[in-house]
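Coordinates as given in model.txt (compact mmCIF, C-alpha atoms and all ligand atoms):
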# COMPACT_ATOMS: atom_id res chain seq x y z
CA MET C 1 0.00 0.00 0.00
CA GLU C 2 1.21 3.47 -0.83
CA ASN C 3 1.09 6.37 1.65
CA PHE C 4 -2.11 8.39 1.65
CA ILE C 5 -4.00 11.13 3.46
CA PHE C 6 -7.76 10.66 3.61
CA ARG C 7 -10.40 13.20 4.46
CA ASN C 8 -14.02 13.41 3.36
CA PRO C 9 -16.09 15.98 5.24
CA THR C 10 -19.40 15.65 3.37
CA LYS C 11 -22.40 14.89 5.55
CA LEU C 12 -24.43 12.28 3.70
CA ILE C 13 -28.18 12.39 4.38
CA PHE C 14 -29.83 9.38 2.84
CA GLY C 15 -33.34 8.05 2.51
CA LYS C 16 -37.05 8.66 2.08
CA GLY C 17 -38.29 12.15 2.82
CA MET C 18 -34.85 13.51 3.73
CA ILE C 19 -35.23 16.63 1.56
CA ALA C 20 -37.38 18.02 4.38
CA ARG C 21 -34.20 18.38 6.46
CA LEU C 22 -32.76 20.91 4.03
CA SER C 23 -33.36 24.02 6.06
CA LYS C 24 -31.63 22.53 9.13
CA GLU C 25 -28.48 21.98 7.11
CA ILE C 26 -28.13 25.54 5.78
CA PRO C 27 -27.00 28.04 8.44
CA GLU C 28 -29.51 30.78 9.30
CA GLY C 29 -29.14 34.23 7.79
CA ARG C 30 -27.68 33.10 4.48
CA LYS C 31 -28.59 34.44 1.07
CA ILE C 32 -29.05 31.26 -0.90
CA MET C 33 -28.92 30.59 -4.64
CA VAL C 34 -30.66 27.34 -5.60
CA THR C 35 -29.33 25.97 -8.90
CA PHE C 36 -31.23 23.68 -11.25
CA GLY C 37 -30.93 21.94 -14.61
CA GLY C 38 -33.54 21.89 -17.35
CA GLY C 39 -36.64 21.07 -15.32
CA SER C 40 -36.66 17.35 -14.44
CA VAL C 41 -37.11 18.36 -10.79
CA LYS C 42 -40.44 19.99 -11.58
CA LYS C 43 -41.78 16.72 -12.98
CA ASN C 44 -40.80 14.47 -10.09
CA GLY C 45 -41.84 16.60 -7.14
CA VAL C 46 -38.30 17.40 -6.02
CA TYR C 47 -38.75 21.10 -6.71
CA ASP C 48 -41.90 21.25 -4.58
CA GLN C 49 -40.15 19.46 -1.72
CA VAL C 50 -37.23 21.91 -1.89
CA VAL C 51 -39.54 24.95 -1.92
CA GLU C 52 -41.42 23.55 1.06
CA ALA C 53 -38.20 22.86 2.96
CA LEU C 54 -36.87 26.37 2.27
CA ARG C 55 -40.04 28.17 3.34
CA GLY C 56 -39.13 31.40 5.13
CA ARG C 57 -35.54 31.36 3.89
CA ASP C 58 -34.01 34.04 1.68
CA TYR C 59 -33.26 32.42 -1.67
CA ILE C 60 -33.14 32.98 -5.41
CA GLU C 61 -33.35 30.39 -8.19
CA PHE C 62 -31.02 29.87 -11.13
CA TRP C 63 -32.27 27.54 -13.90
CA GLY C 64 -30.66 26.04 -16.96
CA ILE C 65 -27.38 24.40 -15.98
CA GLU C 66 -27.15 21.92 -18.83
CA PRO C 67 -25.68 18.39 -19.02
CA ASN C 68 -21.89 18.77 -19.27
CA PRO C 69 -22.21 22.22 -17.65
CA LYS C 70 -20.96 25.07 -19.79
CA VAL C 71 -18.86 27.93 -18.47
CA GLU C 72 -20.88 30.27 -20.68
CA THR C 73 -24.02 29.47 -18.61
CA LEU C 74 -22.22 29.46 -15.27
CA ARG C 75 -20.81 32.96 -15.85
CA LYS C 76 -24.39 34.27 -15.72
CA ALA C 77 -25.00 32.64 -12.34
CA ILE C 78 -21.69 33.96 -11.01
CA GLU C 79 -22.70 37.50 -12.00
CA ILE C 80 -26.07 37.16 -10.24
CA CYS C 81 -24.44 35.79 -7.07
CA ARG C 82 -22.09 38.79 -6.95
CA ARG C 83 -24.91 41.25 -7.54
CA GLU C 84 -27.31 39.68 -5.04
CA GLY C 85 -24.75 38.96 -2.32
CA VAL C 86 -25.31 35.21 -2.37
CA ASP C 87 -23.31 33.38 0.29
CA PHE C 88 -24.65 29.81 0.13
CA LEU C 89 -25.34 27.61 -2.89
CA LEU C 90 -27.74 24.70 -3.10
CA SER C 91 -27.59 22.41 -6.13
CA VAL C 92 -30.75 20.46 -6.97
CA GLY C 93 -30.39 17.91 -9.78
CA GLY C 94 -27.76 15.62 -11.31
CA GLY C 95 -23.99 15.73 -11.41
CA SER C 96 -23.92 18.49 -14.01
CA VAL C 97 -25.89 20.92 -11.85
CA LEU C 98 -23.65 20.13 -8.89
CA ASP C 99 -20.39 20.38 -10.87
CA GLY C 100 -21.55 23.70 -12.29
CA THR C 101 -22.47 24.86 -8.79
CA LYS C 102 -18.97 23.99 -7.58
CA LEU C 103 -17.46 26.28 -10.21
CA ILE C 104 -19.92 29.05 -9.28
CA ALA C 105 -18.89 28.62 -5.62
CA ALA C 106 -15.22 28.98 -6.55
CA ALA C 107 -15.68 31.90 -8.95
CA VAL C 108 -17.98 34.33 -7.10
CA ARG C 109 -15.16 35.80 -5.02
CA TYR C 110 -12.53 35.39 -7.76
CA ASP C 111 -11.51 38.58 -9.45
CA GLY C 112 -11.28 37.21 -13.00
CA ASP C 113 -12.94 34.85 -15.44
CA ALA C 114 -14.26 31.46 -14.24
CA TRP C 115 -12.52 29.54 -17.04
CA ASP C 116 -9.13 30.59 -15.56
CA LEU C 117 -10.02 28.49 -12.53
CA VAL C 118 -10.86 25.48 -14.67
CA LEU C 119 -7.51 25.66 -16.42
CA ASP C 120 -5.54 26.44 -13.27
CA ASN C 121 -7.10 25.20 -10.01
CA SER C 122 -4.31 26.77 -7.95
CA ARG C 123 -5.93 30.17 -8.60
CA ILE C 124 -8.98 29.19 -6.54
CA GLY C 125 -9.21 31.24 -3.34
CA GLU C 126 -12.32 31.63 -1.20
CA ILE C 127 -15.06 29.15 -2.05
CA LEU C 128 -18.69 29.74 -1.08
CA PRO C 129 -20.18 26.90 0.98
CA PHE C 130 -22.59 24.64 -0.90
CA GLY C 131 -24.80 21.60 -0.43
CA ASP C 132 -26.95 19.54 -2.75
CA VAL C 133 -29.95 17.37 -3.40
CA MET C 134 -28.64 14.72 -5.82
CA THR C 135 -31.16 13.16 -8.20
CA LEU C 136 -28.92 11.08 -10.49
CA PRO C 137 -26.58 8.34 -9.21
CA ALA C 138 -23.39 8.40 -11.31
CA THR C 139 -20.74 11.02 -10.69
CA ALA C 140 -20.34 10.88 -6.87
CA SER C 141 -19.98 14.63 -7.15
CA GLU C 142 -22.16 14.59 -4.02
CA MET C 143 -19.19 13.30 -2.02
CA ASN C 144 -16.07 14.47 -3.83
CA ARG C 145 -14.23 17.68 -4.73
CA ASN C 146 -14.41 17.27 -8.49
CA ALA C 147 -16.18 19.29 -11.11
CA VAL C 148 -16.03 18.72 -14.85
CA ILE C 149 -16.69 21.86 -16.88
CA SER C 150 -17.09 22.40 -20.63
CA SER C 151 -16.73 25.37 -22.92
CA ILE C 152 -18.99 25.81 -25.94
CA GLU C 153 -16.59 28.32 -27.42
CA THR C 154 -13.49 26.10 -27.41
CA LYS C 155 -15.20 22.67 -27.52
CA GLU C 156 -13.13 21.63 -24.52
CA LYS C 157 -14.02 19.72 -21.34
CA PHE C 158 -11.76 19.56 -18.29
CA GLY C 159 -11.93 18.17 -14.77
CA MET C 160 -10.99 20.33 -11.82
CA LYS C 161 -10.78 20.11 -8.02
CA VAL C 162 -12.92 22.54 -6.01
CA ASP C 163 -14.33 21.42 -2.66
CA TYR C 164 -16.64 18.88 -1.02
CA PRO C 165 -20.32 19.65 -0.51
CA ARG C 166 -21.15 20.54 3.14
CA PHE C 167 -24.00 18.06 2.88
CA SER C 168 -25.67 15.92 0.26
CA ILE C 169 -29.25 14.73 0.41
CA LEU C 170 -29.93 11.49 -1.46
CA ASP C 171 -33.49 10.23 -1.57
CA PRO C 172 -33.63 7.21 -3.91
CA GLN C 173 -37.29 8.02 -4.67
CA THR C 174 -36.10 11.07 -6.64
CA THR C 175 -34.46 8.71 -9.16
CA PHE C 176 -37.70 6.94 -10.13
CA THR C 177 -38.22 9.37 -13.01
CA LEU C 178 -34.78 8.77 -14.56
CA PRO C 179 -34.98 7.70 -18.21
CA VAL C 180 -33.55 4.23 -18.92
CA TYR C 181 -30.66 5.73 -20.92
CA GLN C 182 -29.58 7.90 -17.96
CA ARG C 183 -29.74 4.86 -15.66
CA ALA C 184 -27.57 2.89 -18.09
CA ALA C 185 -25.07 5.72 -18.53
CA GLY C 186 -25.00 6.28 -14.76
CA MET C 187 -24.26 2.62 -14.07
CA ALA C 188 -21.54 2.58 -16.74
CA ASP C 189 -20.01 5.72 -15.20
CA THR C 190 -20.03 4.14 -11.74
CA PHE C 191 -18.54 0.89 -13.09
CA ILE C 192 -15.68 2.79 -14.76
CA HIS C 193 -15.03 4.98 -11.71
CA VAL C 194 -14.31 1.79 -9.82
CA MET C 195 -12.16 0.52 -12.70
CA GLU C 196 -10.09 3.72 -12.80
CA GLN C 197 -9.05 3.02 -9.19
CA TYR C 198 -8.88 -0.79 -9.42
CA MET C 199 -7.75 -1.88 -12.89
CA THR C 200 -4.12 -0.88 -12.40
CA VAL C 201 -1.48 -2.71 -10.39
CA ALA C 202 -2.20 -6.12 -8.80
CA GLY C 203 -1.37 -6.86 -5.18
CA GLN C 204 -1.38 -3.36 -3.66
CA SER C 205 -4.28 -3.85 -1.27
CA PRO C 206 -6.56 -6.87 -0.93
CA LEU C 207 -8.96 -4.67 1.06
CA MET C 208 -9.31 -1.98 -1.61
CA ASP C 209 -9.62 -4.72 -4.24
CA ARG C 210 -12.49 -6.42 -2.43
CA TRP C 211 -14.34 -3.15 -1.86
CA SER C 212 -14.02 -2.35 -5.55
CA GLU C 213 -15.07 -5.83 -6.61
CA GLY C 214 -18.01 -5.58 -4.20
CA ILE C 215 -19.25 -2.46 -5.98
CA LEU C 216 -18.74 -4.05 -9.42
CA GLN C 217 -20.57 -7.24 -8.37
CA THR C 218 -23.42 -5.24 -6.87
CA LEU C 219 -23.83 -3.25 -10.08
CA VAL C 220 -23.90 -6.40 -12.19
CA GLU C 221 -26.46 -7.93 -9.82
CA ILE C 222 -28.85 -4.98 -9.62
CA ALA C 223 -28.51 -3.67 -13.20
CA PRO C 224 -31.53 -5.55 -14.63
CA LYS C 225 -33.80 -4.26 -11.84
CA VAL C 226 -32.45 -0.72 -12.07
CA LEU C 227 -33.21 -0.74 -15.80
CA GLU C 228 -36.53 -2.53 -15.78
CA SER C 229 -38.45 -1.66 -12.66
CA GLU C 230 -39.76 1.85 -12.44
CA ASN C 231 -39.78 2.33 -8.73
CA ASP C 232 -37.91 -0.41 -6.95
CA TYR C 233 -36.69 1.53 -3.92
CA ASP C 234 -34.06 -0.94 -2.72
CA SER C 235 -32.44 -1.40 -6.13
CA MET C 236 -32.26 2.37 -6.64
CA ALA C 237 -30.96 2.85 -3.09
CA ASN C 238 -28.16 0.37 -3.70
CA TYR C 239 -27.42 1.89 -7.10
CA MET C 240 -27.16 5.31 -5.43
CA MET C 241 -24.75 4.00 -2.83
CA CYS C 242 -22.65 2.23 -5.48
CA ALA C 243 -22.32 5.55 -7.28
CA THR C 244 -21.39 7.50 -4.16
CA MET C 245 -18.92 4.87 -2.94
CA GLY C 246 -17.43 4.58 -6.40
CA LEU C 247 -15.79 7.99 -6.33
CA ASN C 248 -15.72 9.38 -2.80
CA GLY C 249 -12.16 8.29 -2.09
CA PHE C 250 -12.97 5.20 -0.02
CA ILE C 251 -11.73 2.68 -2.59
CA ALA C 252 -8.66 4.70 -3.58
CA MET C 253 -6.71 4.61 -0.32
CA GLY C 254 -3.12 3.58 -0.93
CA VAL C 255 -3.63 2.33 -4.47
CA THR C 256 -2.54 3.50 -7.93
CA GLU C 257 -5.14 5.16 -10.16
CA ASP C 258 -5.58 5.26 -13.93
CA TRP C 259 -8.17 7.79 -15.34
CA ALA C 260 -7.11 7.43 -19.00
CA THR C 261 -10.58 6.16 -20.00
CA HIS C 262 -12.11 9.33 -18.55
CA GLN C 263 -9.65 11.63 -20.30
CA ILE C 264 -10.42 10.06 -23.68
CA GLY C 265 -14.15 9.97 -22.90
CA HIS C 266 -14.16 13.70 -22.07
CA GLU C 267 -12.83 14.41 -25.56
CA LEU C 268 -15.66 12.39 -27.14
CA THR C 269 -18.17 14.46 -25.15
CA ALA C 270 -16.38 17.73 -25.88
CA ILE C 271 -16.40 17.08 -29.63
CA HIS C 272 -19.70 15.19 -30.06
CA GLY C 273 -21.77 15.85 -26.93
CA LEU C 274 -22.05 12.10 -26.27
CA THR C 275 -23.29 11.36 -22.72
CA HIS C 276 -20.41 10.87 -20.29
CA GLY C 277 -21.11 7.31 -19.08
CA HIS C 278 -21.73 6.16 -22.65
CA THR C 279 -18.30 7.40 -23.80
CA LEU C 280 -16.69 5.28 -21.07
CA ALA C 281 -18.56 2.12 -22.10
CA ILE C 282 -16.99 2.53 -25.54
CA VAL C 283 -13.46 3.51 -24.53
CA PHE C 284 -12.82 1.11 -21.64
CA PRO C 285 -12.95 -2.22 -23.55
CA GLY C 286 -10.52 -0.65 -26.06
CA LEU C 287 -8.20 0.41 -23.27
CA LEU C 288 -8.17 -3.14 -21.86
CA LYS C 289 -7.35 -4.52 -25.31
CA VAL C 290 -4.43 -2.18 -25.89
CA LEU C 291 -3.02 -2.34 -22.34
CA ARG C 292 -3.72 -6.04 -21.71
CA GLU C 293 -0.07 -6.88 -20.96
CA GLN C 294 0.40 -3.99 -18.53
CA LYS C 295 -2.88 -4.75 -16.72
CA LYS C 296 -2.66 -8.54 -17.00
CA GLY C 297 -2.61 -9.36 -13.27
CA LYS C 298 -5.62 -7.20 -12.53
CA ILE C 299 -7.61 -8.31 -15.60
CA LEU C 300 -7.19 -11.96 -14.56
CA GLN C 301 -8.24 -11.20 -10.97
CA TYR C 302 -11.25 -9.16 -12.11
CA GLY C 303 -12.28 -11.84 -14.62
CA GLU C 304 -12.21 -14.52 -11.95
CA ARG C 305 -13.84 -12.60 -9.11
CA VAL C 306 -16.49 -10.64 -10.99
CA TRP C 307 -17.27 -12.87 -13.98
CA GLY C 308 -16.20 -16.31 -12.66
CA ILE C 309 -13.73 -16.80 -15.53
CA THR C 310 -11.15 -19.39 -14.47
CA GLY C 311 -10.60 -21.96 -17.24
CA GLY C 312 -8.17 -21.76 -20.20
CA THR C 313 -4.87 -20.05 -20.82
CA GLU C 314 -4.20 -16.59 -19.44
CA ASP C 315 -4.67 -15.09 -22.90
CA GLU C 316 -8.02 -16.81 -23.32
CA ARG C 317 -9.15 -15.64 -19.88
CA ILE C 318 -8.20 -12.07 -20.70
CA ASP C 319 -10.12 -12.24 -24.00
CA ARG C 320 -13.18 -13.62 -22.24
CA THR C 321 -12.98 -10.99 -19.50
CA ILE C 322 -12.81 -8.11 -21.97
CA ASP C 323 -15.69 -9.67 -23.87
CA ALA C 324 -17.79 -10.06 -20.68
CA THR C 325 -17.16 -6.39 -19.84
CA GLU C 326 -18.31 -5.18 -23.24
CA LYS C 327 -21.35 -7.50 -23.09
CA PHE C 328 -22.29 -6.01 -19.72
CA PHE C 329 -22.36 -2.51 -21.21
CA ARG C 330 -24.40 -3.80 -24.16
CA SER C 331 -26.81 -5.44 -21.70
CA LEU C 332 -27.44 -1.93 -20.37
CA GLY C 333 -28.54 -0.95 -23.88
CA LEU C 334 -25.40 1.07 -24.64
CA GLN C 335 -23.57 0.78 -27.95
CA THR C 336 -19.89 -0.01 -27.44
CA ARG C 337 -18.41 0.86 -30.84
CA LEU C 338 -17.64 4.31 -32.21
CA HIS C 339 -19.30 3.71 -35.59
CA GLU C 340 -22.57 2.87 -33.80
CA VAL C 341 -22.71 6.39 -32.37
CA GLY C 342 -21.59 8.04 -35.61
CA ILE C 343 -17.99 8.78 -34.59
CA GLY C 344 -15.29 8.18 -37.16
CA GLU C 345 -11.58 8.38 -37.90
CA ASP C 346 -11.47 12.20 -38.02
CA THR C 347 -12.40 12.35 -34.32
CA ILE C 348 -9.80 9.71 -33.45
CA LEU C 349 -7.14 11.78 -35.18
CA GLU C 350 -8.36 14.99 -33.53
CA ILE C 351 -8.05 13.40 -30.08
CA GLU C 352 -4.55 12.17 -30.92
CA ARG C 353 -3.69 15.69 -32.05
CA ARG C 354 -5.12 17.32 -28.88
CA PHE C 355 -3.24 14.95 -26.56
CA ASN C 356 0.01 15.44 -28.46
CA GLU C 357 -0.43 19.21 -28.52
CA ARG C 358 -1.02 19.24 -24.74
CA GLY C 359 1.92 16.89 -24.19
CA VAL C 360 -0.13 14.64 -21.91
CA ALA C 361 0.42 10.98 -20.98
CA PHE C 362 -2.36 9.47 -18.85
CA GLY C 363 -2.84 6.26 -16.88
CA GLU C 364 -0.97 4.47 -14.12
CA GLY C 365 1.98 3.95 -16.46
CA ALA C 366 1.88 7.56 -17.73
CA ASN C 367 1.94 6.03 -21.20
CA VAL C 368 -1.47 6.85 -22.67
CA THR C 369 -0.19 9.48 -25.08
CA GLY C 370 -1.93 10.71 -28.21
CA THR C 371 -0.65 7.70 -30.13
CA VAL C 372 -1.87 5.19 -27.53
CA ALA C 373 -5.25 6.97 -27.29
CA ARG C 374 -5.56 6.58 -31.06
CA LYS C 375 -4.83 2.84 -30.78
CA ILE C 376 -7.44 2.49 -28.00
CA LEU C 377 -10.09 4.21 -30.10
CA GLU C 378 -9.16 2.24 -33.21
CA ALA C 379 -9.65 -0.96 -31.20
CA VAL C 380 -13.33 -0.02 -30.69
CA ARG C 381 -13.99 1.64 -34.00
O1 LIG S 401 -31.36 19.03 -16.46
P1 LIG S 401 -32.48 18.23 -15.91
O2 LIG S 401 -33.80 18.64 -16.45
O3 LIG S 401 -32.47 18.17 -14.41
O4 LIG S 401 -32.33 16.72 -16.47
C1 LIG S 401 -31.19 15.90 -16.26
C2 LIG S 401 -30.29 15.82 -17.49
O5 LIG S 401 -31.00 16.04 -18.66
C3 LIG S 401 -31.67 14.49 -16.12
N1 LIG S 401 -32.02 14.10 -14.75
C4 LIG S 401 -31.29 14.23 -13.62
N2 LIG S 401 -31.95 13.69 -12.58
C5 LIG S 401 -33.12 13.22 -13.06
C6 LIG S 401 -33.17 13.49 -14.44
N3 LIG S 401 -34.23 13.14 -15.20
C7 LIG S 401 -35.26 12.52 -14.60
N4 LIG S 401 -35.26 12.22 -13.28
C8 LIG S 401 -34.21 12.54 -12.48
N5 LIG S 401 -34.21 12.18 -11.19
O6 LIG S 401 -30.56 13.69 -16.53
C9 LIG S 401 -29.84 14.38 -17.52
C10 LIG S 401 -28.36 14.21 -17.27
O7 LIG S 401 -27.99 14.86 -16.08
P2 LIG S 401 -26.47 15.13 -15.72
O8 LIG S 401 -26.45 15.88 -14.46
O9 LIG S 401 -25.76 15.71 -16.90
O10 LIG S 401 -25.89 13.64 -15.52
P3 LIG S 401 -24.75 13.13 -14.57
O11 LIG S 401 -25.16 13.18 -13.16
O12 LIG S 401 -24.36 11.83 -15.13
O13 LIG S 401 -23.56 14.19 -14.74
C11 LIG S 401 -22.72 14.18 -15.87
C12 LIG S 401 -21.64 15.21 -15.74
O14 LIG S 401 -20.78 14.92 -14.61
C13 LIG S 401 -19.42 14.84 -15.02
C14 LIG S 401 -19.55 14.36 -16.44
O15 LIG S 401 -18.36 14.55 -17.18
C15 LIG S 401 -20.70 15.21 -16.94
O16 LIG S 401 -20.26 16.50 -17.26
N6 LIG S 401 -18.67 13.99 -14.09
C16 LIG S 401 -18.44 14.49 -12.86
C17 LIG S 401 -17.68 13.83 -11.94
C18 LIG S 401 -17.43 14.38 -10.60
N7 LIG S 401 -17.91 15.57 -10.28
O17 LIG S 401 -16.76 13.73 -9.80
C19 LIG S 401 -17.03 12.56 -12.24
C20 LIG S 401 -17.53 11.89 -13.47
O18 LIG S 401 -16.50 11.08 -13.97
C21 LIG S 401 -18.01 12.79 -14.55
O19 LIG S 401 -16.95 13.17 -15.39
ZN ZN S 402 -17.16 9.42 -14.81

Whole structure given in structure tokens:
Amino acid sequence: MENFIFRNPTKLIFGKGMIARLSKEIPEGRKIMVTFGGGSVKKNGVYDQVVEALRGRDYIEFWGIEPNPKVETLRKAIEICRREGVDFLLSVGGGSVLDGTKLIAAAVRYDGDAWDLVLDNSRIGEILPFGDVMTLPATASEMNRNAVISSIETKEKFGMKVDYPRFSILDPQTTFTLPVYQRAAGMADTFIHVMEQYMTVAGQSPLMDRWSEGILQTLVEIAPKVLESENDYDSMANYMMCATMGLNGFIAMGVTEDWATHQIGHELTAIHGLTHGHTLAIVFPGLLKVLREQKKGKILQYGERVWGITGGTEDERIDRTIDATEKFFRSLGLQTRLHEVGIGEDTILEIERRFNERGVAFGEGANVTGTVARKILEAVR
């Protein structure tokens, strides 16, 4: 195990009816901005619950934070916060609303443009406190410091580190209205978050490995119910917890991380707008194919423990494991090849060019360069 420092200060408030606790969690006397997406919360009763819980409090609403939140939209909210003297933010919606809210929180007291902070996190100074009601299990933004922000102008998408929410309210009932595609993409995202922290070096920590495998096995087990039943509380509750535990730091203690699949996936979203979790379901099987030697020990362990693959030569087991992984994503209803989502060679070359231009090399081996990213994408063309 490698050295690590762990801290996660988010207060997690989980279960039926918990939105009613909202007012208790926000200190008195605050000027609150409540941030929303495109309106899903009006259809599932979440908005009404929030309004009820905030009765008597001083708040304004900001609507329209879109999926893959855009700095161009967030700048408007930042301006309003400055003008209105907002000093507490409450995000109500999915990961995009919360990520966008994190950037707003970091930018209100910053004397410059918000995009500077995305490109250079070290410029972040005072951050407004924020909490959230999370309605989409996927990102774990409800219990981590990350935000992923896009720019329409430059067609770029970058991750950044801001701060943890003060509190996060997760009521699985709010997820009952999620479309099947968002459930599938959310489960794929959760699955790959675990993989980014697990599918690296074998033998670092049996404890971290088993926690990761436990999340993967749970996802595989509950996926059919999450997709098919409209309001199965326990399946959605477990899905929500898989998502939160997948990227709140608990499975990353003392182990090497990868994140190359995410970096390539972000480019597919930046260029084509493809939903985040869906990009990962395409890229990850390609990454396993190209890096099969480097990740051999972990692929064999994962194949055996999650998919029960034990017979045959090591090469055969690796092939079957990669195949089982891709089949799982297809069982969620997600296409796993670039041509199926209308992405071709020009995008592959553009991503290679961007990585080379930025001089980046991702992954636990710091070897996923532009050239390797091209090979990964060509493997799933
Ligand atoms: O905008 P509204 O109308 O609210 O609709 C949303 C949106 O259209 C809808 N939705 C959310 N909850 C719903 C619902 N519809 C019905 N019922 C509900 N209960 O779902 C759509 C997608 O929402 P979005 O917030 O974009 O999805 P998600 O939570 O998957 O967030 C994706 C964003 O998070 C980033 C991604 O890159 C992407 O930009 N990520 C953030 C991470 C983090 N902060 O740690 C890590 C991830 O790896 C990821 O990169
Ligand atoms: Zn992700």

**Request:** Compare C:His262, C:Arg75, C:Arg83, C:Arg183 by their minimum atom-to-atom distance to Val148 (chain C), counting all atoms listed in the file, and give me the closest one.
**Result:**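 Among the listed residues, C:His262 lies closest to Val148 (chain C).
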
**Asked** Between C:Lys42, C:Lys375, C:Lys16, C:Lys24, which is the closest to Leu287 (chain C) once you count all atoms listed in the file?
**Response** C:Lys375

**Asked** Do you know which residues are at most 10 Å from His272 (chain C) counting all atoms listed in the file, after dropping those on the same chain fewer than 3 positions away, and could you put them as a ChimeraX atom specification?
**Response** /C:155,266-269,275,341-343,347

Those same residues, written as a CSV table (one decimal), in the frame of the given file with C-alpha atoms?
chain,number,residue,atom,x,y,z
C,155,LYS,CA,-15.2,22.7,-27.5
C,266,HIS,CA,-14.2,13.7,-22.1
C,267,GLU,CA,-12.8,14.4,-25.6
C,268,LEU,CA,-15.7,12.4,-27.1
C,269,THR,CA,-18.2,14.5,-25.2
C,275,THR,CA,-23.3,11.4,-22.7
C,341,VAL,CA,-22.7,6.4,-32.4
C,342,GLY,CA,-21.6,8.0,-35.6
C,343,ILE,CA,-18.0,8.8,-34.6
C,347,THR,CA,-12.4,12.4,-34.3

**Asked** Quick one: of C:Gln182, C:Ser91, C:Thr101, C:Thr10, who's nearest to ligand LIG 401 (chain S), counting all atoms listed in the file?
**Response**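 Looking at the shortest contact to ligand LIG 401 (chain S), the residue is C:Gln182.
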
**Message:** Between CA of Ile348 (chain C) and CA of Arg320 (chain C), what is the distance in Å, rounded to a tenth?
**Reply:**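 CA of Ile348 (chain C) sits 26.1 Å away from CA of Arg320 (chain C).
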
**Request:** Mind giving me the straight-line distance from CA of Met187 (chain C) to CA of Ala361 (chain C) in Å, one decimal?
**Result:** 27.0 Å

**Asked** ligand ZN 402 (chain S): which residues are within 10 Å, counting all atoms listed in the file, as a count of residues only?
**Response** 31

**Request:** Identify, counting only C-alpha atoms and all ligand atoms, the protein, DNA and RNA residues located within 6 Å of ligand LIG 401 (chain S), and give them as a PyMOL selection string.
**Result:** chain C and resi 37-41+66-68+93-97+99+135-136+138-141+146-148+174-175+177-178+186+276

Atoms to include: C-alpha atoms. Write the selected residues as a PDB file, in the frame of the given file.
ATOM      1  CA  GLY C  37     -30.930  21.940 -14.610  1.00  0.00           C
ATOM      2  CA  GLY C  38     -33.540  21.890 -17.350  1.00  0.00           C
ATOM      3  CA  GLY C  39     -36.640  21.070 -15.320  1.00  0.00           C
ATOM      4  CA  SER C  40     -36.660  17.350 -14.440  1.00  0.00           C
ATOM      5  CA  VAL C  41     -37.110  18.360 -10.790  1.00  0.00           C
ATOM      6  CA  GLU C  66     -27.150  21.920 -18.830  1.00  0.00           C
ATOM      7  CA  PRO C  67     -25.680  18.390 -19.020  1.00  0.00           C
ATOM      8  CA  ASN C  68     -21.890  18.770 -19.270  1.00  0.00           C
ATOM      9  CA  GLY C  93     -30.390  17.910  -9.780  1.00  0.00           C
ATOM     10  CA  GLY C  94     -27.760  15.620 -11.310  1.00  0.00           C
ATOM     11  CA  GLY C  95     -23.990  15.730 -11.410  1.00  0.00           C
ATOM     12  CA  SER C  96     -23.920  18.490 -14.010  1.00  0.00           C
ATOM     13  CA  VAL C  97     -25.890  20.920 -11.850  1.00  0.00           C
ATOM     14  CA  ASP C  99     -20.390  20.380 -10.870  1.00  0.00           C
ATOM     15  CA  THR C 135     -31.160  13.160  -8.200  1.00  0.00           C
ATOM     16  CA  LEU C 136     -28.920  11.080 -10.490  1.00  0.00           C
ATOM     17  CA  ALA C 138     -23.390   8.400 -11.310  1.00  0.00           C
ATOM     18  CA  THR C 139     -20.740  11.020 -10.690  1.00  0.00           C
ATOM     19  CA  ALA C 140     -20.340  10.880  -6.870  1.00  0.00           C
ATOM     20  CA  SER C 141     -19.980  14.630  -7.150  1.00  0.00           C
ATOM     21  CA  ASN C 146     -14.410  17.270  -8.490  1.00  0.00           C
ATOM     22  CA  ALA C 147     -16.180  19.290 -11.110  1.00  0.00           C
ATOM     23  CA  VAL C 148     -16.030  18.720 -14.850  1.00  0.00           C
ATOM     24  CA  THR C 174     -36.100  11.070  -6.640  1.00  0.00           C
ATOM     25  CA  THR C 175     -34.460   8.710  -9.160  1.00  0.00           C
ATOM     26  CA  THR C 177     -38.220   9.370 -13.010  1.00  0.00           C
ATOM     27  CA  LEU C 178     -34.780   8.770 -14.560  1.00  0.00           C
ATOM     28  CA  GLY C 186     -25.000   6.280 -14.760  1.00  0.00           C
ATOM     29  CA  HIS C 276     -20.410  10.870 -20.290  1.00  0.00           C
TER      30      HIS C 276
END

**From C:Glu153, C:Asp132, C:Glu213, C:Glu72, residue lying nearest Glu25 (chain C) [all atoms listed in the file]** =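 Closest to Glu25 (chain C) of all the choices is C:Asp132.
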